[in-house]
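Colleague: Got input.tsv for you, TSV, C-alpha atoms:
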```tsv
chain	number	residue	atom	x	y	z
A	261	MET	CA	41.35	12.67	14.16
A	262	PHE	CA	40.92	11.43	10.60
A	263	ARG	CA	43.65	8.87	11.24
A	264	ALA	CA	41.67	7.75	14.26
A	265	ALA	CA	38.54	7.48	12.16
A	266	ILE	CA	40.24	5.27	9.61
A	267	GLY	CA	41.73	3.21	12.40
A	268	PHE	CA	38.43	2.47	14.06
A	269	LEU	CA	36.62	1.51	10.90
A	270	ALA	CA	39.52	-0.46	9.47
A	271	THR	CA	40.13	-2.42	12.67
A	272	PRO	CA	39.35	-6.13	12.08
A	273	SER	CA	36.17	-7.46	13.66
A	274	SER	CA	35.03	-11.01	14.33
A	275	SER	CA	32.47	-11.08	11.54
A	276	ALA	CA	31.11	-9.18	8.56
A	277	GLU	CA	27.96	-8.44	10.55
A	278	LEU	CA	29.98	-6.78	13.31
A	279	ARG	CA	32.07	-4.80	10.85
A	280	THR	CA	29.09	-3.44	8.92
A	281	SER	CA	27.27	-2.65	12.17
A	282	LYS	CA	29.84	0.07	12.80
A	283	TYR	CA	28.33	1.95	9.86
A	284	GLU	CA	24.71	0.87	10.20
A	285	ALA	CA	24.73	2.21	13.75
A	286	PHE	CA	24.74	5.76	12.39
A	287	GLY	CA	22.28	5.35	9.56
A	288	CYS	CA	24.20	3.93	6.62
A	289	SER	CA	22.46	1.38	4.45
A	290	ARG	CA	23.99	-2.10	4.21
A	291	GLY	CA	25.24	-1.23	0.73
A	292	ILE	CA	27.18	1.75	2.07
A	293	SER	CA	28.41	-0.31	5.01
A	294	LEU	CA	29.86	-3.07	2.84
A	295	PHE	CA	31.41	-0.49	0.51
A	296	TRP	CA	33.32	1.28	3.30
A	297	VAL	CA	34.33	-1.99	4.94
A	298	THR	CA	35.80	-3.16	1.62
A	299	ILE	CA	37.74	0.08	1.11
A	300	LEU	CA	38.99	0.63	4.64
A	301	ARG	CA	40.06	-2.96	5.32
A	302	ARG	CA	42.81	-2.36	2.75
A	303	ILE	CA	44.41	0.15	5.14
A	304	PRO	CA	46.84	-1.43	7.63
A	305	ALA	CA	45.46	-1.18	11.15
A	306	ASP	CA	48.91	-0.36	12.57
A	307	ALA	CA	49.06	2.76	10.39
A	308	VAL	CA	46.66	4.59	12.73
A	309	ASP	CA	45.98	4.93	16.45
A	310	ASP	CA	42.96	3.55	18.31
A	311	SER	CA	41.52	6.71	19.90
A	312	SER	CA	38.64	9.10	19.24
A	313	LYS	CA	36.31	6.38	18.03
A	314	ASP	CA	33.19	8.43	18.66
A	315	ILE	CA	34.60	11.33	16.65
A	316	SER	CA	35.56	8.93	13.87
A	317	LEU	CA	31.94	7.98	13.36
A	318	ILE	CA	31.05	11.63	12.89
A	319	LEU	CA	33.88	12.19	10.40
A	320	ILE	CA	33.00	9.21	8.23
A	321	SER	CA	29.29	10.03	8.31
A	322	ILE	CA	30.16	13.52	7.05
A	323	VAL	CA	32.16	12.00	4.20
A	324	ILE	CA	29.26	9.72	3.23
A	325	THR	CA	26.68	12.48	3.49
A	326	SER	CA	28.87	14.76	1.40
A	327	THR	CA	29.10	12.22	-1.41
A	328	GLY	CA	25.34	11.95	-1.34
A	329	ASN	CA	24.96	15.73	-1.54
A	330	LEU	CA	27.12	15.73	-4.64
A	331	GLY	CA	24.36	13.83	-6.42
A	332	LEU	CA	25.82	10.35	-6.17
A	333	ALA	CA	23.13	9.26	-3.74
A	334	SER	CA	20.37	9.48	-6.34
A	335	ARG	CA	22.30	7.38	-8.85
A	336	ASN	CA	24.19	4.73	-6.91
A	337	PRO	CA	22.85	2.76	-3.93
A	338	PHE	CA	26.39	2.45	-2.52
A	339	PHE	CA	26.40	6.22	-1.94
A	340	MET	CA	22.77	6.64	-0.84
A	341	ALA	CA	22.68	9.23	1.91
A	342	PRO	CA	19.45	9.88	3.83
A	343	MET	CA	17.16	12.11	1.79
A	344	ARG	CA	14.00	13.98	2.58
A	345	GLN	CA	10.73	12.82	1.12
A	346	PRO	CA	10.37	15.07	-1.94
A	347	THR	CA	7.47	16.59	-3.83
A	348	LEU	CA	6.91	14.67	-7.10
A	349	LEU	CA	5.43	16.18	-10.23
A	350	THR	CA	3.63	14.49	-13.13
A	351	GLN	CA	1.70	15.81	-16.12
A	352	ARG	CA	-1.50	16.14	-14.07
A	353	LEU	CA	-0.48	15.61	-10.45
A	354	ARG	CA	1.50	17.27	-7.70
A	355	LEU	CA	2.39	14.69	-5.06
A	356	VAL	CA	3.42	16.35	-1.81
A	357	PRO	CA	4.62	14.66	1.39
A	358	LEU	CA	1.67	14.06	3.69
A	359	ALA	CA	1.40	16.78	6.34
A	360	GLY	CA	-0.87	18.01	9.10
A	361	ASP	CA	-2.94	20.23	6.82
A	362	HIS	CA	-4.01	17.18	4.77
A	363	LEU	CA	-6.02	15.59	7.59
A	364	GLU	CA	-9.41	16.92	6.44
A	365	TYR	CA	-8.83	15.44	2.99
A	366	GLU	CA	-8.07	12.05	4.52
A	367	ILE	CA	-11.22	12.18	6.63
A	368	LEU	CA	-13.29	12.92	3.53
A	369	LEU	CA	-11.59	10.11	1.58
A	370	ASP	CA	-12.12	7.41	4.21
A	371	ALA	CA	-15.74	8.46	4.81
A	372	ASP	CA	-16.78	7.08	1.39
A	373	PRO	CA	-17.95	3.44	1.76
A	374	GLU	CA	-17.01	2.60	-1.83
A	375	VAL	CA	-13.46	3.91	-1.39
A	376	VAL	CA	-12.82	1.71	1.67
A	377	ARG	CA	-14.81	-1.29	0.45
A	378	TYR	CA	-11.69	-3.47	0.21
A	379	VAL	CA	-9.80	-1.88	3.11
A	380	GLY	CA	-9.65	-3.14	6.70
A	381	ASP	CA	-13.10	-4.06	7.90
A	382	GLY	CA	-14.70	-2.57	4.79
A	383	ARG	CA	-16.58	0.21	6.57
A	384	PRO	CA	-16.15	4.01	6.52
A	385	ARG	CA	-13.88	5.35	9.22
A	386	SER	CA	-14.77	7.87	11.87
A	387	ARG	CA	-12.97	11.16	12.29
A	388	PHE	CA	-11.25	9.81	15.40
A	389	GLU	CA	-10.02	6.72	13.53
A	390	VAL	CA	-8.67	8.75	10.62
A	391	LYS	CA	-6.86	11.13	12.98
A	392	GLU	CA	-5.04	8.16	14.50
A	393	LEU	CA	-4.24	6.74	11.06
A	394	HIS	CA	-3.01	10.17	9.99
A	395	ARG	CA	-0.63	10.25	12.95
A	396	GLN	CA	0.69	6.80	12.01
A	397	ARG	CA	1.09	7.79	8.36
A	398	ILE	CA	3.10	10.87	9.26
A	399	GLY	CA	5.25	8.82	11.62
A	400	GLY	CA	5.81	6.15	8.98
A	401	ALA	CA	7.88	8.60	6.96
A	402	GLU	CA	10.48	8.48	9.74
A	403	GLN	CA	11.10	4.73	9.34
A	404	VAL	CA	13.15	5.04	6.16
A	405	PRO	CA	14.32	8.42	4.81
A	406	GLY	CA	12.63	9.16	1.49
A	407	LEU	CA	9.68	6.79	1.96
A	408	GLY	CA	6.20	7.71	3.18
A	409	PHE	CA	2.79	8.98	2.09
A	410	TRP	CA	2.11	11.59	-0.57
A	411	ALA	CA	-1.09	13.63	-0.92
A	412	GLY	CA	-1.97	14.06	-4.59
A	413	PHE	CA	-3.48	17.20	-6.12
A	414	LEU	CA	-4.60	17.98	-9.66
A	415	TRP	CA	-2.91	20.94	-11.25
A	416	PRO	CA	-5.20	23.99	-11.66
A	417	SER	CA	-6.95	24.07	-15.03
A	418	GLU	CA	-9.06	26.41	-17.12
A	419	GLN	CA	-12.10	25.13	-15.24
A	420	THR	CA	-10.69	25.64	-11.75
A	421	SER	CA	-8.15	28.05	-10.34
A	422	THR	CA	-7.24	25.88	-7.37
A	423	GLU	CA	-5.75	22.43	-6.93
A	424	GLU	CA	-8.11	19.54	-6.22
A	425	PHE	CA	-7.31	16.75	-3.79
A	426	VAL	CA	-7.23	13.44	-5.66
A	427	GLY	CA	-6.11	10.97	-3.00
A	428	TRP	CA	-2.90	9.59	-1.57
A	429	TRP	CA	-0.03	7.39	-2.75
A	430	ILE	CA	2.49	5.55	-0.64
A	431	LEU	CA	5.89	3.86	-0.68
A	432	GLU	CA	6.54	2.23	2.67
A	433	PRO	CA	8.96	-0.44	3.93
A	434	PRO	CA	7.71	-4.00	4.54
A	435	GLN	CA	5.63	-4.37	7.70
A	436	ARG	CA	5.37	-8.18	7.91
A	437	LEU	CA	7.90	-11.01	7.83
A	438	ASP	CA	6.23	-12.68	4.84
A	439	GLN	CA	6.83	-9.53	2.76
A	440	GLY	CA	10.54	-10.24	2.62
A	441	PRO	CA	13.67	-8.26	3.57
A	442	PHE	CA	13.17	-4.80	5.07
A	443	GLU	CA	16.01	-3.15	3.20
A	444	GLY	CA	15.85	-2.40	-0.52
A	445	GLN	CA	12.11	-3.00	-0.86
A	446	ALA	CA	8.99	-0.85	-0.57
A	447	GLU	CA	5.25	-1.39	-0.83
A	448	LEU	CA	3.33	0.73	-3.31
A	449	GLY	CA	-0.20	1.84	-2.46
A	450	TYR	CA	-2.83	4.36	-3.53
A	451	ARG	CA	-6.32	5.49	-2.56
A	452	LEU	CA	-8.33	7.94	-4.65
A	453	MET	CA	-11.52	9.91	-4.28
A	454	LYS	CA	-14.30	8.18	-6.23
A	455	LYS	CA	-14.77	11.16	-8.58
A	456	PHE	CA	-11.25	10.55	-9.92
A	457	TRP	CA	-11.57	6.82	-10.59
A	458	ARG	CA	-11.04	5.45	-14.10
A	459	GLN	CA	-9.11	8.48	-15.33
A	460	GLY	CA	-5.64	6.93	-15.23
A	461	LEU	CA	-4.60	9.00	-12.24
A	462	ALA	CA	-3.83	6.05	-9.95
A	463	LYS	CA	-1.53	4.72	-12.67
A	464	GLU	CA	0.07	8.11	-13.27
A	465	GLY	CA	0.95	8.56	-9.61
A	466	ALA	CA	2.08	4.95	-9.24
A	467	LYS	CA	4.43	5.22	-12.22
A	468	GLU	CA	6.01	8.32	-10.71
A	469	LEU	CA	6.60	6.51	-7.41
A	470	LEU	CA	8.19	3.58	-9.24
A	471	LYS	CA	10.48	6.01	-11.03
A	472	TYR	CA	11.34	7.67	-7.74
A	473	GLY	CA	11.82	4.42	-5.84
A	474	PHE	CA	14.07	2.78	-8.42
A	475	GLY	CA	15.74	5.82	-9.92
A	476	ARG	CA	16.25	7.96	-6.84
A	477	LEU	CA	16.22	5.63	-3.83
A	478	GLY	CA	17.98	2.69	-5.45
A	479	LEU	CA	15.35	0.13	-4.39
A	480	TYR	CA	15.67	-3.31	-5.98
A	481	ARG	CA	12.01	-4.38	-5.65
A	482	ILE	CA	8.63	-2.69	-5.26
A	483	TYR	CA	5.45	-4.66	-4.55
A	484	ALA	CA	1.76	-3.99	-3.93
A	485	GLU	CA	-1.05	-5.92	-2.25
A	486	THR	CA	-4.85	-5.93	-2.45
A	487	MET	CA	-7.80	-8.29	-2.12
A	488	ALA	CA	-8.03	-10.79	-4.94
A	489	VAL	CA	-11.53	-9.54	-5.78
A	490	ASN	CA	-10.34	-5.93	-6.18
A	491	LYS	CA	-10.08	-6.06	-9.96
A	492	ALA	CA	-9.63	-2.30	-10.44
A	493	SER	CA	-6.59	-2.10	-8.17
A	494	ARG	CA	-5.10	-5.22	-9.72
A	495	ALA	CA	-5.52	-3.68	-13.17
A	496	THR	CA	-3.60	-0.59	-12.05
A	497	MET	CA	-0.77	-2.75	-10.72
A	498	ALA	CA	-0.53	-4.63	-13.99
A	499	SER	CA	-0.69	-1.41	-16.02
A	500	VAL	CA	2.53	-0.10	-14.42
A	501	GLY	CA	4.42	-3.31	-15.19
A	502	MET	CA	3.90	-5.27	-11.99
A	503	SER	CA	3.28	-9.02	-12.20
A	504	HIS	CA	1.24	-11.31	-9.97
A	505	VAL	CA	3.59	-13.02	-7.52
A	506	ARG	CA	1.32	-14.93	-5.16
A	507	THR	CA	-2.11	-15.32	-3.63
A	508	PHE	CA	-2.19	-15.74	0.13
A	509	TYR	CA	-4.88	-16.21	2.74
A	510	PRO	CA	-4.48	-14.20	5.95
A	511	GLN	CA	-6.85	-14.87	8.81
A	512	PHE	CA	-9.25	-12.09	9.88
A	513	GLU	CA	-11.43	-11.90	12.97
A	514	ASP	CA	-14.21	-10.23	11.00
A	515	PRO	CA	-13.68	-11.13	7.34
A	516	ILE	CA	-15.38	-8.92	4.78
A	517	PRO	CA	-17.06	-10.20	1.58
A	518	GLY	CA	-14.43	-11.56	-0.81
A	519	SER	CA	-11.88	-12.40	1.89
A	520	ASP	CA	-12.28	-16.10	1.16
A	521	GLU	CA	-10.62	-15.53	-2.22
A	522	GLY	CA	-7.50	-14.27	-0.50
A	523	GLU	CA	-5.06	-11.41	-0.99
A	524	VAL	CA	-2.73	-10.96	-3.96
A	525	GLU	CA	0.78	-9.57	-4.25
A	526	TYR	CA	2.12	-7.95	-7.40
A	527	ALA	CA	5.73	-6.86	-7.81
A	528	ILE	CA	8.33	-5.43	-10.16
A	529	THR	CA	12.11	-5.54	-9.76
A	530	LEU	CA	14.65	-2.90	-10.68
A	531	GLN	CA	15.88	-5.07	-13.57
A	532	GLU	CA	12.35	-5.48	-14.92
A	533	TRP	CA	11.68	-1.77	-14.62
A	534	GLN	CA	14.91	-0.95	-16.46
A	535	ALA	CA	14.22	-3.55	-19.16
A	536	SER	CA	10.88	-1.88	-19.89
A	537	GLY	CA	12.72	1.34	-20.76
A	538	ASN	CA	11.30	3.36	-17.87
A	539	ASP	CA	14.74	4.58	-16.79
A	540	ARG	CA	15.49	6.30	-20.12
A	541	GLY	CA	16.27	9.94	-19.67
A	542	LEU	CA	16.38	9.61	-15.88
A	543	LEU	CA	19.69	11.44	-15.53
A	544	GLU	CA	18.50	14.36	-17.63
A	545	ASP	CA	14.94	14.57	-16.26
A	546	GLU	CA	15.14	16.46	-12.99
A	547	ASN	CA	11.91	18.39	-13.52
A	548	GLY	CA	9.79	15.60	-12.02
A	549	VAL	CA	11.27	15.96	-8.55
A	550	ASP	CA	11.03	19.09	-6.46
A	551	GLU	CA	12.93	18.51	-3.23
A	552	VAL	CA	11.54	21.28	-1.06
```
Starting from the file, give its structure as structure tokens.
Modeller:
Amino acid sequence: MFRAAIGFLATPSSSAELRTSKYEAFGCSRGISLFWVTILRRIPADAVDDSSKDISLILISIVITSTGNLGLASRNPFFMAPMRQPTLLTQRLRLVPLAGDHLEYEILLDADPEVVRYVGDGRPRSRFEVKELHRQRIGGAEQVPGLGFWAGFLWPSEQTSTEEFVGWWILEPPQRLDQGPFEGQAELGYRLMKKFWRQGLAKEGAKELLKYGFGRLGLYRIYAETMAVNKASRATMASVGMSHVRTFYPQFEDPIPGSDEGEVEYAITLQEWQASGNDRGLLEDENGVDEV
């Protein structure tokens, strides 16, 4: 059967797109696809038979997943196997994958008019609206393994024996054509309860997601967007090393105050993140990720 697997994947195809699609069909990234195409095309097609093609897909997927489980996936994008969205830990925050029991926190967050001032139509959201958004946020984690929403909690302190909900952070794949290629990129976002503004917590969570996105997922670019007039959010983007890329002017049916000044995009690439020294100690520092 293994000979059949090699035969199927090494068989010449009419184009690179068709060859890589054999791998992408069962969840491999394009990087993995091109890697296996390069390796297996070196094997003569007449050295194997042409049967059991369905089984061959299973065999090769097991091989790829196994290499990922050996730890290669977190270091090398060629070997990135699908991974679960992990819990991330910082000095003050515990970022856990968004789940059903976080809904009440989201409702409370989006009920504050100052929190949602620069979001959507600029008005607080009803319980019904947040429930629908919550469903979409949970579902978004299924688009790309490892990406999604995180609910952030402060570690217990001497003043309180329980964790406090701070807000949420997100890494999600591009949703619009003007945001660029789907693969290898993610959008960074955050929304915090007003009581936790101006304490460096948005920055702390954002830095951890950059570390996770570049160091664990192998992304090559992470970007963020906000209204041009949202100076606080722009300051957070700049503080984690992101640079202003463009200002653009989407059309809204019911524009909110400040919309005429447009939206801004900030971004940072893997090379820029590495050049800033943020990847130092990444191989040794496994305490910041709790994959449970």
Colleague: Find the residues around stretch 420-428 of chain A up to 9 Å (only C-alpha atoms counted), leave out those fewer than 2 positions away in its own chain, and share them as a ChimeraX atom specification.
Modeller: /A:353-355,358,365-366,369,409-418,430,449-456,461-462,465
Colleague: Only C-alpha atoms, please: the residues just picked out, written as an mmCIF file, in the frame of the given file.
Modeller:
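What follows is the written file part39.cif:
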```cif
data_model
loop_
_atom_site.group_PDB
_atom_site.id
_atom_site.type_symbol
_atom_site.label_atom_id
_atom_site.label_comp_id
_atom_site.auth_asym_id
_atom_site.auth_seq_id
_atom_site.Cartn_x
_atom_site.Cartn_y
_atom_site.Cartn_z
ATOM 1 C CA LEU A 353 -0.480 15.610 -10.450
ATOM 2 C CA ARG A 354 1.500 17.270 -7.700
ATOM 3 C CA LEU A 355 2.390 14.690 -5.060
ATOM 4 C CA LEU A 358 1.670 14.060 3.690
ATOM 5 C CA TYR A 365 -8.830 15.440 2.990
ATOM 6 C CA GLU A 366 -8.070 12.050 4.520
ATOM 7 C CA LEU A 369 -11.590 10.110 1.580
ATOM 8 C CA PHE A 409 2.790 8.980 2.090
ATOM 9 C CA TRP A 410 2.110 11.590 -0.570
ATOM 10 C CA ALA A 411 -1.090 13.630 -0.920
ATOM 11 C CA GLY A 412 -1.970 14.060 -4.590
ATOM 12 C CA PHE A 413 -3.480 17.200 -6.120
ATOM 13 C CA LEU A 414 -4.600 17.980 -9.660
ATOM 14 C CA TRP A 415 -2.910 20.940 -11.250
ATOM 15 C CA PRO A 416 -5.200 23.990 -11.660
ATOM 16 C CA SER A 417 -6.950 24.070 -15.030
ATOM 17 C CA GLU A 418 -9.060 26.410 -17.120
ATOM 18 C CA ILE A 430 2.490 5.550 -0.640
ATOM 19 C CA GLY A 449 -0.200 1.840 -2.460
ATOM 20 C CA TYR A 450 -2.830 4.360 -3.530
ATOM 21 C CA ARG A 451 -6.320 5.490 -2.560
ATOM 22 C CA LEU A 452 -8.330 7.940 -4.650
ATOM 23 C CA MET A 453 -11.520 9.910 -4.280
ATOM 24 C CA LYS A 454 -14.300 8.180 -6.230
ATOM 25 C CA LYS A 455 -14.770 11.160 -8.580
ATOM 26 C CA PHE A 456 -11.250 10.550 -9.920
ATOM 27 C CA LEU A 461 -4.600 9.000 -12.240
ATOM 28 C CA ALA A 462 -3.830 6.050 -9.950
ATOM 29 C CA GLY A 465 0.950 8.560 -9.610
#
```
Colleague: Between A:Ile398, A:Lys467, A:Leu368, A:Glu447, which has the minimum distance to A:Arg385 (counting all atoms listed in the file)?
Modeller: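 Using all atoms listed in the file, the shortest distance to A:Arg385 belongs to A:Leu368.
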Colleague: Counting all atoms listed in the file, figure out which residue out of A:Leu363, A:Ala498, A:Ala401, A:Leu437 gets nearest to A:Arg344.
Modeller: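 The closest residue to A:Arg344 is A:Ala401.
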Colleague: Stretch 429-434 of chain A, all listed atoms, 6 Å padding on each side: what axis-aligned box centre and edge lengths in Å to one decimal come out, as JSON?
Modeller:
```
{"center_x": 4.5, "center_y": 1.7, "center_z": 0.9, "size_x": 21.0, "size_y": 23.4, "size_z": 19.3}
```
Colleague: I'd like to know which of A:Arg436, A:Lys471, A:His362, A:Arg476 is closest to A:Val390, using all atoms listed in the file.
Modeller: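 Under the stated criterion, the closest residue is A:His362.
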Colleague: So how many Å separate atom CA of A:Ser536 and atom CA of A:Leu448, to one decimal?
Modeller: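 Atom CA of A:Leu448 lies 18.4 Å from atom CA of A:Ser536.
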Colleague: Kindly give the distance, in Å, that separates atom CA of A:Asp520 and atom CA of A:Arg383, rounded to a single decimal.
Modeller: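 Computing the Euclidean distance for atom CA of A:Asp520 and atom CA of A:Arg383 yields 17.7 Å.
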Colleague: Please list as a VMD selection string every residue within 9 Å of A:Glu464, counting only C-alpha atoms and excluding residues in the same chain fewer than 5 positions away.
Modeller: chain A and resid 350 to 353 469 500
Colleague: As a ChimeraX atom specification, please: the residues near A:Gly444 (cut-off 7 Å, only C-alpha atoms, same-chain neighbours under 3 positions excluded).
Modeller: /A:479-481
Colleague: What gap, in Å, lies between atom CA of A:Trp533 and atom CA of A:Met502?
Modeller: 8.9 Å
Colleague: Can you fill out stretch 466-487 of chain A with N, CA, C and O atoms and hand it back as a tab-separated table (two decimals), keeping the file's coordinate frame?
Modeller:
```tsv
chain	number	residue	atom	x	y	z
A	466	ALA	N	1.32	6.16	-9.54
A	466	ALA	CA	2.08	4.95	-9.24
A	466	ALA	C	3.35	4.88	-10.08
A	466	ALA	O	4.42	4.50	-9.59
A	467	LYS	N	3.25	5.23	-11.35
A	467	LYS	CA	4.43	5.22	-12.22
A	467	LYS	C	5.50	6.19	-11.72
A	467	LYS	O	6.70	5.90	-11.78
A	468	GLU	N	5.05	7.34	-11.23
A	468	GLU	CA	6.01	8.32	-10.71
A	468	GLU	C	6.70	7.80	-9.46
A	468	GLU	O	7.90	8.02	-9.26
A	469	LEU	N	5.98	7.07	-8.61
A	469	LEU	CA	6.60	6.51	-7.41
A	469	LEU	C	7.56	5.38	-7.76
A	469	LEU	O	8.58	5.20	-7.09
A	470	LEU	N	7.25	4.60	-8.80
A	470	LEU	CA	8.19	3.58	-9.24
A	470	LEU	C	9.48	4.24	-9.74
A	470	LEU	O	10.59	3.80	-9.42
A	471	LYS	N	9.32	5.28	-10.52
A	471	LYS	CA	10.48	6.01	-11.03
A	471	LYS	C	11.32	6.57	-9.89
A	471	LYS	O	12.55	6.49	-9.89
A	472	TYR	N	10.65	7.12	-8.90
A	472	TYR	CA	11.34	7.67	-7.74
A	472	TYR	C	12.00	6.58	-6.91
A	472	TYR	O	13.17	6.71	-6.51
A	473	GLY	N	11.28	5.49	-6.67
A	473	GLY	CA	11.82	4.42	-5.84
A	473	GLY	C	13.02	3.74	-6.45
A	473	GLY	O	14.02	3.49	-5.77
A	474	PHE	N	12.95	3.45	-7.75
A	474	PHE	CA	14.07	2.78	-8.42
A	474	PHE	C	15.16	3.77	-8.81
A	474	PHE	O	16.35	3.50	-8.60
A	475	GLY	N	14.76	4.89	-9.38
A	475	GLY	CA	15.74	5.82	-9.92
A	475	GLY	C	16.40	6.71	-8.91
A	475	GLY	O	17.56	7.11	-9.08
A	476	ARG	N	15.70	7.04	-7.82
A	476	ARG	CA	16.25	7.96	-6.84
A	476	ARG	C	16.69	7.28	-5.54
A	476	ARG	O	17.70	7.65	-4.95
A	477	LEU	N	15.91	6.30	-5.09
A	477	LEU	CA	16.22	5.63	-3.83
A	477	LEU	C	17.09	4.40	-4.00
A	477	LEU	O	17.65	3.89	-3.03
A	478	GLY	N	17.17	3.88	-5.22
A	478	GLY	CA	17.98	2.69	-5.45
A	478	GLY	C	17.36	1.41	-4.93
A	478	GLY	O	18.07	0.46	-4.61
A	479	LEU	N	16.02	1.36	-4.82
A	479	LEU	CA	15.35	0.13	-4.39
A	479	LEU	C	15.56	-0.96	-5.43
A	479	LEU	O	15.75	-0.67	-6.62
A	480	TYR	N	15.52	-2.22	-5.02
A	480	TYR	CA	15.67	-3.31	-5.98
A	480	TYR	C	14.34	-4.00	-6.26
A	480	TYR	O	14.23	-4.77	-7.23
A	481	ARG	N	13.31	-3.73	-5.44
A	481	ARG	CA	12.01	-4.38	-5.65
A	481	ARG	C	10.91	-3.53	-5.03
A	481	ARG	O	11.06	-3.01	-3.92
A	482	ILE	N	9.80	-3.38	-5.77
A	482	ILE	CA	8.63	-2.69	-5.26
A	482	ILE	C	7.43	-3.60	-5.48
A	482	ILE	O	7.27	-4.17	-6.56
A	483	TYR	N	6.60	-3.75	-4.46
A	483	TYR	CA	5.45	-4.66	-4.55
A	483	TYR	C	4.19	-3.94	-4.10
A	483	TYR	O	4.24	-2.83	-3.53
A	484	ALA	N	3.05	-4.55	-4.35
A	484	ALA	CA	1.76	-3.99	-3.93
A	484	ALA	C	0.83	-5.14	-3.59
A	484	ALA	O	0.96	-6.25	-4.13
A	485	GLU	N	-0.10	-4.88	-2.69
A	485	GLU	CA	-1.05	-5.92	-2.25
A	485	GLU	C	-2.48	-5.38	-2.27
A	485	GLU	O	-2.71	-4.19	-2.06
A	486	THR	N	-3.44	-6.27	-2.53
A	486	THR	CA	-4.85	-5.93	-2.45
A	486	THR	C	-5.64	-7.22	-2.34
A	486	THR	O	-5.08	-8.32	-2.44
A	487	MET	N	-6.94	-7.10	-2.13
A	487	MET	CA	-7.80	-8.29	-2.12
A	487	MET	C	-7.88	-8.85	-3.53
A	487	MET	O	-7.88	-8.10	-4.52
```
